[in-house]
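K.L.:
Dropping in entry07.cif, which is mmCIF, N, CA and C atoms:
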data_model
#
loop_
_atom_site.label_atom_id
_atom_site.label_comp_id
_atom_site.auth_asym_id
_atom_site.auth_seq_id
_atom_site.Cartn_x
_atom_site.Cartn_y
_atom_site.Cartn_z
N MET A 249 -0.90 11.34 17.35
CA MET A 249 -0.93 9.90 17.42
C MET A 249 0.48 9.36 17.12
N SER A 250 0.89 8.38 17.87
CA SER A 250 2.20 7.78 17.64
C SER A 250 2.01 6.44 16.93
N TYR A 251 3.06 6.00 16.27
CA TYR A 251 3.02 4.76 15.50
C TYR A 251 2.83 3.57 16.43
N ASP A 252 1.95 2.65 16.06
CA ASP A 252 1.67 1.44 16.82
C ASP A 252 2.48 0.28 16.24
N ASP A 253 3.52 -0.14 16.95
CA ASP A 253 4.37 -1.24 16.49
C ASP A 253 3.66 -2.59 16.43
N ASN A 254 2.43 -2.66 16.96
CA ASN A 254 1.70 -3.91 16.96
C ASN A 254 0.62 -3.98 15.89
N ASN A 255 0.59 -3.00 14.97
CA ASN A 255 -0.41 -3.10 13.90
C ASN A 255 -0.04 -4.26 12.97
N ILE A 256 -1.02 -4.76 12.25
CA ILE A 256 -0.82 -5.96 11.43
C ILE A 256 0.26 -5.80 10.37
N PHE A 257 0.38 -4.60 9.78
CA PHE A 257 1.41 -4.41 8.75
C PHE A 257 2.80 -4.38 9.35
N ALA A 258 2.94 -3.85 10.56
CA ALA A 258 4.24 -3.89 11.24
C ALA A 258 4.63 -5.34 11.51
N LYS A 259 3.66 -6.16 11.89
CA LYS A 259 3.93 -7.58 12.14
C LYS A 259 4.30 -8.32 10.85
N ILE A 260 3.64 -7.95 9.75
CA ILE A 260 3.99 -8.54 8.45
C ILE A 260 5.41 -8.15 8.08
N LEU A 261 5.76 -6.87 8.25
CA LEU A 261 7.11 -6.41 7.93
C LEU A 261 8.18 -7.14 8.75
N ARG A 262 7.85 -7.46 10.00
CA ARG A 262 8.81 -8.18 10.86
C ARG A 262 8.81 -9.68 10.60
N GLY A 263 7.91 -10.17 9.74
CA GLY A 263 7.84 -11.60 9.45
C GLY A 263 7.07 -12.40 10.46
N GLU A 264 6.35 -11.73 11.35
CA GLU A 264 5.57 -12.43 12.38
C GLU A 264 4.25 -12.98 11.81
N ILE A 265 3.76 -12.35 10.76
CA ILE A 265 2.54 -12.79 10.09
C ILE A 265 2.91 -12.95 8.61
N PRO A 266 2.53 -14.07 8.00
CA PRO A 266 2.87 -14.28 6.59
C PRO A 266 1.99 -13.42 5.67
N CYS A 267 2.48 -13.23 4.46
CA CYS A 267 1.71 -12.54 3.43
C CYS A 267 2.01 -13.21 2.09
N ASN A 268 1.13 -12.96 1.14
CA ASN A 268 1.32 -13.46 -0.22
C ASN A 268 2.05 -12.36 -0.99
N LYS A 269 3.38 -12.37 -0.89
CA LYS A 269 4.21 -11.29 -1.40
C LYS A 269 4.20 -11.20 -2.91
N ILE A 270 4.13 -9.95 -3.39
CA ILE A 270 4.22 -9.65 -4.81
C ILE A 270 5.60 -9.09 -5.15
N TYR A 271 6.07 -8.16 -4.31
CA TYR A 271 7.32 -7.46 -4.60
C TYR A 271 7.86 -6.86 -3.31
N GLU A 272 9.19 -6.80 -3.22
CA GLU A 272 9.83 -6.17 -2.06
C GLU A 272 11.16 -5.57 -2.51
N ASP A 273 11.46 -4.40 -1.96
CA ASP A 273 12.77 -3.79 -2.15
C ASP A 273 13.16 -3.08 -0.85
N ASN A 274 14.11 -2.18 -0.89
CA ASN A 274 14.56 -1.50 0.32
C ASN A 274 13.52 -0.57 0.92
N PHE A 275 12.54 -0.16 0.14
CA PHE A 275 11.59 0.86 0.60
C PHE A 275 10.17 0.36 0.83
N ILE A 276 9.77 -0.67 0.09
CA ILE A 276 8.38 -1.12 0.17
C ILE A 276 8.27 -2.64 0.25
N LEU A 277 7.08 -3.05 0.67
CA LEU A 277 6.65 -4.44 0.58
C LEU A 277 5.27 -4.40 -0.05
N SER A 278 5.02 -5.28 -1.00
CA SER A 278 3.71 -5.37 -1.63
C SER A 278 3.22 -6.81 -1.52
N PHE A 279 1.93 -6.95 -1.26
CA PHE A 279 1.33 -8.27 -1.14
C PHE A 279 -0.16 -8.18 -1.48
N TYR A 280 -0.77 -9.33 -1.74
CA TYR A 280 -2.19 -9.38 -2.08
C TYR A 280 -3.04 -9.14 -0.84
N ASP A 281 -4.12 -8.39 -1.01
CA ASP A 281 -5.07 -8.14 0.06
C ASP A 281 -5.78 -9.46 0.39
N ILE A 282 -5.98 -9.73 1.69
CA ILE A 282 -6.63 -10.99 2.08
C ILE A 282 -8.14 -10.96 1.84
N ASN A 283 -8.68 -9.78 1.58
CA ASN A 283 -10.12 -9.64 1.30
C ASN A 283 -10.27 -8.79 0.02
N PRO A 284 -9.93 -9.37 -1.14
CA PRO A 284 -9.90 -8.58 -2.37
C PRO A 284 -11.25 -8.00 -2.74
N GLN A 285 -11.22 -6.73 -3.18
CA GLN A 285 -12.43 -6.03 -3.59
C GLN A 285 -12.59 -6.00 -5.11
N LYS A 286 -11.53 -6.32 -5.83
CA LYS A 286 -11.54 -6.37 -7.29
C LYS A 286 -10.74 -7.58 -7.73
N LYS A 287 -10.75 -7.85 -9.04
CA LYS A 287 -10.02 -9.01 -9.58
C LYS A 287 -8.57 -9.00 -9.12
N ILE A 288 -7.94 -7.84 -9.19
CA ILE A 288 -6.59 -7.67 -8.64
C ILE A 288 -6.68 -6.63 -7.54
N HIS A 289 -6.21 -6.98 -6.36
CA HIS A 289 -6.23 -6.07 -5.21
C HIS A 289 -4.96 -6.32 -4.42
N ALA A 290 -4.02 -5.41 -4.60
CA ALA A 290 -2.72 -5.51 -3.93
C ALA A 290 -2.56 -4.37 -2.93
N LEU A 291 -1.70 -4.57 -1.97
CA LEU A 291 -1.33 -3.52 -1.02
C LEU A 291 0.14 -3.20 -1.21
N VAL A 292 0.47 -1.93 -1.07
CA VAL A 292 1.87 -1.49 -1.11
C VAL A 292 2.09 -0.68 0.16
N ILE A 293 3.06 -1.11 0.97
CA ILE A 293 3.34 -0.41 2.23
C ILE A 293 4.80 0.00 2.29
N PRO A 294 5.07 1.18 2.85
CA PRO A 294 6.47 1.55 3.06
C PRO A 294 7.04 0.75 4.22
N LYS A 295 8.33 0.56 4.22
CA LYS A 295 8.97 -0.18 5.31
C LYS A 295 9.18 0.68 6.55
N GLY A 296 9.11 1.99 6.38
CA GLY A 296 9.25 2.88 7.52
C GLY A 296 7.98 2.94 8.36
N LYS A 297 8.12 3.45 9.57
CA LYS A 297 7.01 3.53 10.52
C LYS A 297 6.21 4.81 10.31
N TYR A 298 5.29 4.74 9.34
CA TYR A 298 4.46 5.90 9.00
C TYR A 298 2.99 5.54 9.16
N ILE A 299 2.26 6.39 9.85
CA ILE A 299 0.86 6.13 10.16
C ILE A 299 -0.03 6.28 8.94
N ASP A 300 0.14 7.36 8.20
CA ASP A 300 -0.70 7.63 7.04
C ASP A 300 0.05 8.53 6.07
N LEU A 301 -0.61 8.92 5.00
CA LEU A 301 0.05 9.71 3.97
C LEU A 301 0.50 11.07 4.49
N ASP A 302 -0.28 11.68 5.37
CA ASP A 302 0.12 12.97 5.95
C ASP A 302 1.41 12.82 6.76
N HIS A 303 1.46 11.81 7.60
CA HIS A 303 2.64 11.54 8.43
C HIS A 303 3.86 11.25 7.55
N PHE A 304 3.65 10.47 6.51
CA PHE A 304 4.72 10.12 5.58
C PHE A 304 5.24 11.35 4.85
N SER A 305 4.35 12.15 4.30
CA SER A 305 4.78 13.31 3.50
C SER A 305 5.52 14.34 4.34
N MET A 306 5.22 14.41 5.62
CA MET A 306 5.88 15.37 6.51
C MET A 306 7.19 14.85 7.09
N ASN A 307 7.38 13.53 7.13
CA ASN A 307 8.52 12.96 7.85
C ASN A 307 9.45 12.06 7.05
N ALA A 308 8.99 11.54 5.94
CA ALA A 308 9.83 10.61 5.15
C ALA A 308 10.94 11.37 4.43
N SER A 309 12.02 10.67 4.19
CA SER A 309 13.11 11.25 3.42
C SER A 309 12.71 11.30 1.94
N THR A 310 13.41 12.10 1.19
CA THR A 310 13.16 12.17 -0.25
C THR A 310 13.35 10.79 -0.88
N GLU A 311 14.36 10.07 -0.42
CA GLU A 311 14.63 8.73 -0.93
C GLU A 311 13.45 7.79 -0.66
N GLU A 312 12.85 7.88 0.53
CA GLU A 312 11.70 7.03 0.86
C GLU A 312 10.48 7.40 0.02
N ILE A 313 10.27 8.70 -0.19
CA ILE A 313 9.12 9.15 -0.99
C ILE A 313 9.25 8.65 -2.42
N VAL A 314 10.42 8.84 -3.00
CA VAL A 314 10.65 8.36 -4.37
C VAL A 314 10.54 6.83 -4.41
N GLY A 315 11.09 6.16 -3.42
CA GLY A 315 11.04 4.70 -3.37
C GLY A 315 9.61 4.18 -3.33
N LEU A 316 8.74 4.84 -2.57
CA LEU A 316 7.34 4.42 -2.49
C LEU A 316 6.64 4.64 -3.83
N LEU A 317 6.79 5.82 -4.40
CA LEU A 317 6.11 6.11 -5.66
C LEU A 317 6.59 5.21 -6.80
N LYS A 318 7.89 5.02 -6.89
CA LYS A 318 8.42 4.12 -7.92
C LYS A 318 8.02 2.67 -7.63
N GLY A 319 7.94 2.33 -6.35
CA GLY A 319 7.53 0.98 -5.97
C GLY A 319 6.11 0.67 -6.39
N ILE A 320 5.22 1.65 -6.24
CA ILE A 320 3.83 1.45 -6.68
C ILE A 320 3.82 1.13 -8.17
N ASN A 321 4.59 1.87 -8.95
CA ASN A 321 4.66 1.63 -10.39
C ASN A 321 5.25 0.26 -10.70
N LYS A 322 6.29 -0.15 -9.97
CA LYS A 322 6.90 -1.46 -10.20
C LYS A 322 5.89 -2.58 -9.94
N VAL A 323 5.10 -2.42 -8.88
CA VAL A 323 4.09 -3.43 -8.55
C VAL A 323 3.01 -3.46 -9.63
N ALA A 324 2.54 -2.29 -10.07
CA ALA A 324 1.52 -2.23 -11.12
C ALA A 324 2.03 -2.91 -12.40
N LYS A 325 3.29 -2.68 -12.74
CA LYS A 325 3.87 -3.33 -13.93
C LYS A 325 3.95 -4.84 -13.72
N LYS A 326 4.38 -5.25 -12.55
CA LYS A 326 4.50 -6.69 -12.26
C LYS A 326 3.13 -7.38 -12.36
N LEU A 327 2.10 -6.68 -11.93
CA LEU A 327 0.73 -7.23 -11.97
C LEU A 327 0.09 -7.06 -13.35
N GLU A 328 0.80 -6.38 -14.26
CA GLU A 328 0.33 -6.10 -15.61
C GLU A 328 -0.96 -5.28 -15.64
N ILE A 329 -1.01 -4.27 -14.74
CA ILE A 329 -2.16 -3.36 -14.71
C ILE A 329 -1.76 -1.91 -14.95
N SER A 330 -0.45 -1.64 -15.06
CA SER A 330 -0.02 -0.26 -15.27
C SER A 330 -0.49 0.22 -16.64
N ALA A 331 -0.47 1.53 -16.85
CA ALA A 331 -0.94 2.10 -18.11
C ALA A 331 -0.16 1.57 -19.31
N ASP A 332 1.11 1.22 -19.13
CA ASP A 332 1.89 0.74 -20.27
C ASP A 332 1.87 -0.78 -20.43
N THR A 333 1.37 -1.51 -19.44
CA THR A 333 1.30 -2.98 -19.56
C THR A 333 -0.12 -3.52 -19.46
N GLY A 334 -1.06 -2.68 -19.11
CA GLY A 334 -2.45 -3.12 -18.96
C GLY A 334 -3.39 -1.99 -19.30
N LYS A 335 -4.56 -2.02 -18.69
CA LYS A 335 -5.57 -1.01 -18.98
C LYS A 335 -5.69 0.04 -17.89
N GLY A 336 -4.82 -0.03 -16.90
CA GLY A 336 -4.84 0.96 -15.82
C GLY A 336 -5.30 0.37 -14.51
N TYR A 337 -5.23 1.20 -13.49
CA TYR A 337 -5.56 0.75 -12.14
C TYR A 337 -5.90 1.97 -11.27
N ARG A 338 -6.37 1.71 -10.09
CA ARG A 338 -6.60 2.77 -9.10
C ARG A 338 -5.66 2.53 -7.94
N ALA A 339 -5.01 3.60 -7.50
CA ALA A 339 -4.19 3.58 -6.29
C ALA A 339 -4.93 4.41 -5.26
N LEU A 340 -5.19 3.84 -4.09
CA LEU A 340 -5.99 4.50 -3.08
C LEU A 340 -5.31 4.41 -1.72
N ALA A 341 -5.21 5.54 -1.05
CA ALA A 341 -4.71 5.57 0.32
C ALA A 341 -5.79 6.22 1.19
N ASN A 342 -6.27 5.49 2.16
CA ASN A 342 -7.24 6.02 3.12
C ASN A 342 -6.46 6.68 4.25
N ILE A 343 -6.97 7.82 4.73
CA ILE A 343 -6.26 8.57 5.77
C ILE A 343 -7.19 8.84 6.94
N SER A 344 -6.85 8.29 8.08
CA SER A 344 -7.53 8.49 9.34
C SER A 344 -8.98 7.98 9.32
N ASP A 345 -9.70 8.26 10.39
CA ASP A 345 -11.05 7.71 10.57
C ASP A 345 -12.03 8.10 9.46
N TYR A 346 -12.16 9.37 9.18
CA TYR A 346 -13.12 9.82 8.17
C TYR A 346 -12.74 9.34 6.78
N GLY A 347 -11.46 9.09 6.55
CA GLY A 347 -11.00 8.59 5.26
C GLY A 347 -11.13 7.09 5.12
N GLY A 348 -11.53 6.41 6.20
CA GLY A 348 -11.75 4.97 6.14
C GLY A 348 -10.53 4.11 6.41
N GLN A 349 -9.48 4.69 6.99
CA GLN A 349 -8.27 3.92 7.27
C GLN A 349 -8.52 2.95 8.42
N GLU A 350 -8.20 1.68 8.18
CA GLU A 350 -8.42 0.64 9.20
C GLU A 350 -7.13 0.21 9.89
N VAL A 351 -6.02 0.24 9.17
CA VAL A 351 -4.73 -0.15 9.75
C VAL A 351 -3.86 1.10 9.84
N PRO A 352 -3.35 1.43 11.04
CA PRO A 352 -2.57 2.66 11.21
C PRO A 352 -1.11 2.56 10.74
N HIS A 353 -0.95 2.11 9.51
CA HIS A 353 0.35 2.09 8.82
C HIS A 353 0.03 2.48 7.39
N LEU A 354 0.72 3.49 6.86
CA LEU A 354 0.45 3.93 5.50
C LEU A 354 0.43 2.74 4.54
N HIS A 355 -0.61 2.69 3.73
CA HIS A 355 -0.69 1.65 2.71
C HIS A 355 -1.53 2.15 1.54
N PHE A 356 -1.13 1.71 0.38
CA PHE A 356 -1.88 1.99 -0.84
C PHE A 356 -2.53 0.70 -1.31
N HIS A 357 -3.80 0.81 -1.68
CA HIS A 357 -4.51 -0.29 -2.32
C HIS A 357 -4.35 -0.08 -3.82
N LEU A 358 -3.99 -1.12 -4.55
CA LEU A 358 -3.97 -1.07 -6.00
C LEU A 358 -5.07 -2.00 -6.50
N PHE A 359 -6.03 -1.42 -7.22
CA PHE A 359 -7.15 -2.18 -7.77
C PHE A 359 -7.02 -2.22 -9.28
N GLY A 360 -7.22 -3.38 -9.89
CA GLY A 360 -7.14 -3.48 -11.33
C GLY A 360 -7.60 -4.82 -11.84
N GLY A 361 -7.32 -5.05 -13.12
CA GLY A 361 -7.72 -6.30 -13.75
C GLY A 361 -9.14 -6.31 -14.25
N GLU A 362 -9.86 -5.25 -13.95
CA GLU A 362 -11.24 -5.08 -14.40
C GLU A 362 -11.60 -3.61 -14.19
N LYS A 363 -12.72 -3.17 -14.73
CA LYS A 363 -13.16 -1.80 -14.55
C LYS A 363 -13.40 -1.56 -13.05
N VAL A 364 -12.81 -0.52 -12.51
CA VAL A 364 -12.88 -0.27 -11.07
C VAL A 364 -14.20 0.39 -10.69
N GLY A 365 -14.73 1.27 -11.51
CA GLY A 365 -16.01 1.89 -11.22
C GLY A 365 -15.87 3.27 -10.60
N LYS A 366 -16.96 3.74 -10.00
CA LYS A 366 -17.03 5.07 -9.44
C LYS A 366 -16.01 5.28 -8.32
N MET A 367 -15.60 6.51 -8.17
CA MET A 367 -14.63 6.86 -7.14
C MET A 367 -15.26 6.75 -5.74
N VAL A 368 -16.38 7.42 -5.53
CA VAL A 368 -17.06 7.41 -4.24
C VAL A 368 -18.55 7.30 -4.50
N GLU A 369 -19.21 6.48 -3.73
CA GLU A 369 -20.66 6.32 -3.89
C GLU A 369 -21.40 6.96 -2.75
#
The structure given in the file should be rewritten as structure tokens.

P.N.:
Amino acid sequence: MSYDDNNIFAKILRGEIPCNKIYEDNFILSFYDINPQKKIHALVIPKGKYIDLDHFSMNASTEEIVGLLKGINKVAKKLEISADTGKGYRALANISDYGGQEVPHLHFHLFGGEKVGKMVE
């Protein structure tokens, strides 16, 4: 599968669709999910053209990988849900059809601000 430049996150990255931005740096953009599933529900996306976590881990530079992981932590701290500023959170990346991925651009959901509950039902 090749990267789809017309997916919604690509359009958000290009500024064609607005978002409620939380944090941005050279590697990531984070914004609130438009259909929140928990009290706090943020998305963290890499700025590179990566379909999912498998594609990212095989093709991203070391700098991009570190930037994404550190970016997730920066967003969690900014939202006051990280282990050192809050009570914790869940970071979730869905991969492909069976994994429940809806947008073909790697993204992590950060859930927090309340007890998240069971992993899978």

K.L.:
Neighbouring residues of Gln285 (chain A) were defined as those with any atom within 8 Å, considering only N, CA and C atoms; residues of the same chain fewer than 4 positions away were excluded. Please report them as a list in words.

P.N.:
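Once the adjacent positions are removed, what remains is Asp281, His289, Ala290, Phe359 and Gly360 of chain A.
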
K.L.:
Determine the nearest neighbour of Ala341 (chain A) from the options A:Glu362, A:Asp300, A:Glu312, A:Glu328, counting only N, CA and C atoms.

P.N.:
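Checking each of A:Glu362, A:Asp300, A:Glu312, A:Glu328 against Ala341 (chain A), counting only N, CA and C atoms, the winner is A:Asp300.
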
K.L.:
Write down as a PyMOL selection string the residues belonging to chain A that are assigned strand (DSSP E) by DSSP computed on the backbone.

P.N.:
chain A and resi 269-272+276-280+288-294+337-340+356-360

K.L.:
Could you work out how far CA of Ile329 (chain A) lies from CA of Lys363 (chain A), giving the answer in Å with one decimal?

P.N.:
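About the pair CA of Lys363 (chain A) and CA of Ile329 (chain A): they are 11.1 Å apart.
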
K.L.:
Can you translate the PyMOL selection byres (((chain A and resi 255 and name CA) around 12) and name CA) into the concrete residues it hits in this file, as a list in words?

P.N.:
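Applied to this file, the PyMOL selection byres (((chain A and resi 255 and name CA) around 12) and name CA) returns Ser250, Tyr251, Asp252, Asp253, Asn254, Ile256, Phe257, Ala258, Lys259, Ile260, Leu261, Arg262, Glu264, Ile265, Lys297, Tyr298, Ile299, Glu350, Val351, Pro352, His353 and Leu354 of chain A.
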
K.L.:
Between atom N of Pro284 (chain A) and atom N of Asp302 (chain A), what is the distance, to one decimal in Å?

P.N.:
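Atom N of Asp302 (chain A) lies 24.1 Å from atom N of Pro284 (chain A).
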
K.L.:
Give the answer as one residue: which of A:Ser305, A:Glu311, A:Val368, A:Gly319 has the shortest atom-to-atom distance to Leu277 (chain A), using only C-alpha atoms?

P.N.:
A:Gly319

K.L.:
In Å, rounded to a single decimal, give me how far CA of Leu291 (chain A) is from atom C of His357 (chain A).

P.N.:
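A separation of 5.4 Å between them.
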
K.L.:
Using DSSP on the backbone coordinates, identify all residues within chain A classified as helix (DSSP H, G or I); present the result as a ChimeraX atom specification.

P.N.:
/A:256-261,301-307,310-326

K.L.:
Between A:Lys269, A:Arg338, A:Lys325, A:His355, which residue has the minimum interatomic distance to Pro294 (chain A), considering only N, CA and C atoms?

P.N.:
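Smallest distance to Pro294 (chain A) is found for A:His355.
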
K.L.:
Considering all atoms listed in the file, state which residue in the set A:Ile276, A:Met367, A:Ile270, A:Ile282 is at the smallest distance from Gly296 (chain A).

P.N.:
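Checking each candidate against Gly296 (chain A), we get A:Ile276 as the closest.
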
K.L.:
Hey, which of A:Gln349, A:Gly336, A:Lys366, A:Gly361 ends up closest to Lys287 (chain A)? Count all atoms listed in the file.

P.N.:
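Result for the nearest residue to Lys287 (chain A): A:Gly361.
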